[in-house]
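**Student:** What follows is model-v3.pdb; its format and atoms are PDB, C-alpha atoms.
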```
MODEL        1
ATOM      1  CA  VAL A 201       2.996 -14.380  -6.668
ATOM      2  CA  GLN A 202       2.330 -11.506  -9.023
ATOM      3  CA  LEU A 203       1.007  -8.193  -7.743
ATOM      4  CA  GLN A 204      -0.791  -5.520  -9.719
ATOM      5  CA  ALA A 205      -1.163  -2.112  -8.114
ATOM      6  CA  CYS A 206      -3.564   0.422  -9.541
ATOM      7  CA  GLY A 207      -5.786   3.342  -8.610
ATOM      8  CA  GLY A 208      -3.317   6.178  -8.611
ATOM      9  CA  GLY A 209      -3.984   9.508 -10.213
ATOM     10  CA  LEU A 210      -3.837  13.266  -9.977
ATOM     11  CA  VAL A 211      -5.892  14.765  -7.160
ATOM     12  CA  GLN A 212      -6.039  17.954  -5.156
ATOM     13  CA  ALA A 213      -4.935  18.330  -1.576
ATOM     14  CA  GLY A 214      -7.681  17.141   0.730
ATOM     15  CA  ASP A 215      -9.073  14.661  -1.768
ATOM     16  CA  SER A 216      -9.241  10.887  -1.424
ATOM     17  CA  LEU A 217      -8.008   7.963  -3.486
ATOM     18  CA  ARG A 218      -8.214   4.228  -3.101
ATOM     19  CA  LEU A 219      -5.355   2.095  -4.331
ATOM     20  CA  SER A 220      -5.752  -1.593  -5.080
ATOM     21  CA  CYS A 221      -3.195  -4.360  -5.043
ATOM     22  CA  ALA A 222      -4.489  -7.496  -6.751
ATOM     23  CA  ALA A 223      -2.527 -10.695  -6.252
ATOM     24  CA  ALA A 224      -2.262 -13.643  -8.606
ATOM     25  CA  GLY A 225      -1.134 -16.598  -6.556
ATOM     26  CA  ARG A 226      -1.431 -17.651  -2.961
ATOM     27  CA  ILE A 227      -0.770 -15.242  -0.138
ATOM     28  CA  PHE A 228      -0.005 -17.196   3.006
ATOM     29  CA  SER A 229      -1.759 -16.297   6.234
ATOM     30  CA  SER A 230       1.497 -15.385   7.935
ATOM     31  CA  TRP A 231       2.517 -12.973   5.206
ATOM     32  CA  SER A 232       2.036  -9.270   5.367
ATOM     33  CA  VAL A 233       1.041  -7.214   2.383
ATOM     34  CA  VAL A 234       2.915  -3.966   2.592
ATOM     35  CA  TRP A 235       2.459  -0.588   0.937
ATOM     36  CA  PHE A 236       5.571   1.455   0.291
ATOM     37  CA  ARG A 237       6.016   4.735  -1.499
ATOM     38  CA  GLN A 238       8.822   6.659  -3.080
ATOM     39  CA  GLY A 239       8.464  10.370  -3.579
ATOM     40  CA  PRO A 240      10.514  12.450  -6.025
ATOM     41  CA  GLY A 241      14.087  12.615  -4.828
ATOM     42  CA  LYS A 242      13.274  10.597  -1.731
ATOM     43  CA  GLU A 243      14.087   7.181  -0.397
ATOM     44  CA  ARG A 244      11.445   4.493  -0.483
ATOM     45  CA  GLU A 245       9.467   4.472   2.748
ATOM     46  CA  PHE A 246       7.022   2.224   4.514
ATOM     47  CA  VAL A 247       3.387   3.343   4.463
ATOM     48  CA  ALA A 248       1.226   0.570   5.922
ATOM     49  CA  ASN A 249       0.855  -3.163   6.119
ATOM     50  CA  ILE A 250      -1.748  -5.788   6.860
ATOM     51  CA  ARG A 251      -1.309  -9.353   7.999
ATOM     52  CA  TRP A 252      -3.116 -11.450   5.438
ATOM     53  CA  GLY A 253      -4.526 -14.002   7.875
ATOM     54  CA  ALA A 254      -5.366 -12.045  11.017
ATOM     55  CA  GLY A 255      -5.868  -8.657   9.429
ATOM     56  CA  ASN A 256      -3.606  -6.798  11.844
ATOM     57  CA  THR A 257      -2.597  -3.432  10.481
ATOM     58  CA  TYR A 258       0.253  -1.044  11.075
ATOM     59  CA  TYR A 259       0.841   2.472   9.761
ATOM     60  CA  ALA A 260       3.618   4.954   9.397
ATOM     61  CA  ASP A 261       3.127   7.971  11.628
ATOM     62  CA  SER A 262       2.901  10.221   8.576
ATOM     63  CA  VAL A 263      -0.299   8.540   7.360
ATOM     64  CA  LYS A 264      -1.881   7.357  10.598
ATOM     65  CA  GLY A 265      -5.457   8.554  10.881
ATOM     66  CA  ARG A 266      -5.671   9.379   7.169
ATOM     67  CA  PHE A 267      -4.915   6.075   5.421
ATOM     68  CA  THR A 268      -6.616   2.734   5.954
ATOM     69  CA  VAL A 269      -5.339  -0.596   4.684
ATOM     70  CA  SER A 270      -7.757  -3.488   4.243
ATOM     71  CA  ARG A 271      -7.965  -6.795   2.431
ATOM     72  CA  ASP A 272     -10.562  -8.831   0.608
ATOM     73  CA  LYS A 273      -9.544 -12.464   0.780
ATOM     74  CA  GLY A 274     -12.153 -13.508  -1.735
ATOM     75  CA  GLU A 275     -10.769 -11.079  -4.283
ATOM     76  CA  ASN A 276      -7.143 -11.668  -3.239
ATOM     77  CA  THR A 277      -6.788  -7.914  -3.093
ATOM     78  CA  VAL A 278      -5.469  -5.373  -0.636
ATOM     79  CA  TYR A 279      -6.686  -1.786  -0.606
ATOM     80  CA  LEU A 280      -5.182   1.448   0.611
ATOM     81  CA  GLN A 281      -7.811   4.085   1.254
ATOM     82  CA  MET A 282      -6.119   7.467   1.342
ATOM     83  CA  ASN A 283      -8.060  10.404   2.727
ATOM     84  CA  SER A 284      -7.106  14.030   3.359
ATOM     85  CA  LEU A 285      -4.256  13.747   0.896
ATOM     86  CA  LYS A 286      -1.369  16.161   1.278
ATOM     87  CA  LEU A 287       1.213  17.431  -1.162
ATOM     88  CA  GLU A 288       3.824  15.297   0.585
ATOM     89  CA  ASP A 289       1.847  12.153  -0.229
ATOM     90  CA  THR A 290       2.909  12.540  -3.852
ATOM     91  CA  ALA A 291       4.842   9.388  -4.709
ATOM     92  CA  VAL A 292       4.845   6.133  -6.582
ATOM     93  CA  TYR A 293       3.066   3.626  -4.389
ATOM     94  CA  TYR A 294       4.101  -0.015  -4.402
ATOM     95  CA  CYS A 295       2.604  -3.086  -2.819
ATOM     96  CA  ALA A 296       4.707  -6.042  -1.805
ATOM     97  CA  THR A 297       4.373  -9.369  -0.055
ATOM     98  CA  GLY A 298       6.102 -12.684   0.469
ATOM     99  CA  ALA A 299       7.237 -12.553   4.076
ATOM    100  CA  SER A 300       5.848 -12.376   7.573
ATOM    101  CA  SER A 301       8.582  -9.910   8.436
ATOM    102  CA  GLY A 302      11.698  -8.607   6.797
ATOM    103  CA  PRO A 303      12.158  -7.952   3.078
ATOM    104  CA  SER A 304       9.246  -8.718   0.779
ATOM    105  CA  ARG A 305       9.932 -11.078  -2.077
ATOM    106  CA  TYR A 306       7.207 -10.044  -4.468
ATOM    107  CA  TRP A 307       6.562  -6.528  -5.675
ATOM    108  CA  GLY A 308       3.961  -4.814  -7.804
ATOM    109  CA  GLN A 309       4.903  -2.339 -10.498
ATOM    110  CA  GLY A 310       3.844   0.817  -8.671
ATOM    111  CA  THR A 311       1.106   3.358  -9.233
ATOM    112  CA  GLN A 312       1.650   7.114  -9.318
ATOM    113  CA  VAL A 313      -0.190   9.368  -6.899
ATOM    114  CA  THR A 314       0.174  13.087  -7.471
ATOM    115  CA  VAL A 315      -1.370  15.583  -5.078
ATOM    116  CA  SER A 316      -1.619  19.171  -6.249
ATOM    117  CA  SER A 317      -2.484  22.337  -4.364
TER     118      SER A 317
ENDMDL
END
```
Written as structure tokens, that's how I'd like the structure from this file.
**Tutor:**
Amino acid sequence: VQLQACGGGLVQAGDSLRLSCAAAGRIFSSWSVVWFRQGPGKEREFVANIRWGAGNTYYADSVKGRFTVSRDKGENTVYLQMNSLKLEDTAVYYCATGASSGPSRYWGQGTQVTVSS
């Protein structure tokens, strides 16, 4: 499975962005597609995930209520809608999949999100 993340950019605090993660190859129903991010000088952290088959979602506390993860099975794509962006959301965002739980086997290349004041 190959993943292509895109949609990042430079925005102001309070703005919105939608990231896309397009997959080439089959994503199994039991797999989750996960969004991670890594800010400057920070460890990589979990942002959100969605179960490909059932559509169950889960969010990190830091983004709950502001970010929404969704999927389009027909397009084989997962989206991360990010609203009310904050300076601390600045990071490279990665999507990953390949497991129902535990480490993901397949990773996208990352897309940069920069939030300015």
**Student:** What would the list of residues within 7 Å of (4.9, -4.2, 7.6) (file frame) look like as a list in words, if all atoms listed in the file are what count?
**Tutor:** Ser232, Val234, Ala248, Asn249, Ile250, Tyr258 and Ser301 of chain A
**Student:** What is the CA of Thr277 in chain A-CA of Ile227 in chain A distance in Å, reported with one decimal?
**Tutor:** 9.9 Å
**Student:** Near Leu217 in chain A, counting only C-alpha atoms, which residues have an atom at most 9 Å away, once you skip same-chain residues fewer than 4 positions from it, shown as number ranges by chain?
**Tutor:** A: 207-209, 211, 280-283, 285, 313
**Student:** For the residues selected in the previous step, produce a file with C-alpha atoms as a compact mmCIF listing (two decimals), keeping the file's coordinate frame.
**Tutor:**
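So result30.txt came out as:
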```txt
# COMPACT_ATOMS: atom_id res chain seq x y z
CA GLY A 207 -5.79 3.34 -8.61
CA GLY A 208 -3.32 6.18 -8.61
CA GLY A 209 -3.98 9.51 -10.21
CA VAL A 211 -5.89 14.76 -7.16
CA LEU A 280 -5.18 1.45 0.61
CA GLN A 281 -7.81 4.08 1.25
CA MET A 282 -6.12 7.47 1.34
CA ASN A 283 -8.06 10.40 2.73
CA LEU A 285 -4.26 13.75 0.90
CA VAL A 313 -0.19 9.37 -6.90
```
**Student:** Between CA of Gln312 in chain A and CA of Lys286 in chain A, what is the spacing in Å?
**Tutor:**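 Atom-to-atom, CA of Lys286 in chain A to CA of Gln312 in chain A, that is 14.3 Å.
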**Student:** Determine, counting all atoms listed in the file, which protein, DNA and RNA residues have an atom within 12 Å of an atom of Trp307 in chain A; residues of the same chain fewer than 5 positions away are not included. Present the result as a ChimeraX atom specification.
**Tutor:** /A:201-205,221-224,233-236,293-299
**Student:** Can you work out which one of A:Leu219, A:Ala291, A:Cys206, A:Ala213 has the shortest atom-to-atom distance to Ser270 in chain A, counting only C-alpha atoms?
**Tutor:**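 Of A:Leu219, A:Ala291, A:Cys206, A:Ala213, the one nearest Ser270 in chain A, counting only C-alpha atoms, is A:Leu219.
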**Student:** Kindly give the distance, in Å, that separates CA of Gly274 in chain A and CA of Ala260 in chain A, rounded to a single decimal.
**Tutor:**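 Pair CA of Gly274 in chain A / CA of Ala260 in chain A returns 26.7 Å.
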**Student:** Which polymer residues have any atom within 7 Å of an atom of Gly253 in chain A, counting all atoms listed in the file, with same-chain residues fewer than 2 positions away left out, as a PyMOL selection string?
**Tutor:** chain A and resi 229-230+251+255
**Student:** Identify which of the residues A:Gly239, A:Gly225, A:Gly302, A:Gly310 lies closest to Leu287 in chain A, counting only C-alpha atoms when measuring atom-to-atom distances.
**Tutor:**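 Smallest separation from Leu287 in chain A among the options: A:Gly239.
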**Student:** Between A:Arg305, A:Glu288, A:Ser300, A:Ser317, which one has atoms that come closest to Arg237 in chain A, using all atoms listed in the file?
**Tutor:**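 Checking each candidate against Arg237 in chain A, we get A:Glu288 as the closest.
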**Student:** Would you please work out which residue, of A:Glu275, A:Glu243, A:Asp289, A:Trp252, is nearest to Ser316 in chain A when using only C-alpha atoms?
**Tutor:**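 Smallest separation from Ser316 in chain A among the options: A:Asp289.
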**Student:** Once you add 4 Å to each side, what are the centre and edge lengths of the axis-aligned box holding all listed atoms of range 213-225 of chain A? One decimal in Å, as AutoDock Vina command-line options, if you can.
**Tutor:**
```
--center_x -5.2 --center_y 0.9 --center_z -3.9 --size_x 16.1 --size_y 42.9 --size_z 17.3
```
**Student:** Just checking: using all atoms listed in the file, which residue out of A:Ser220, A:Thr290, A:Gln212, A:Asn256 ends up closest to Val278 in chain A?
**Tutor:**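 Comparing A:Ser220, A:Thr290, A:Gln212, A:Asn256 against Val278 in chain A, the winner is A:Ser220.
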**Student:** Between A:Gly308, A:Arg226, A:Gln238, A:Phe267, single out the one closest to Val292 in chain A, counting all atoms listed in the file.
**Tutor:**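 Among the listed residues, the smallest separation from Val292 in chain A belongs to A:Gln238.
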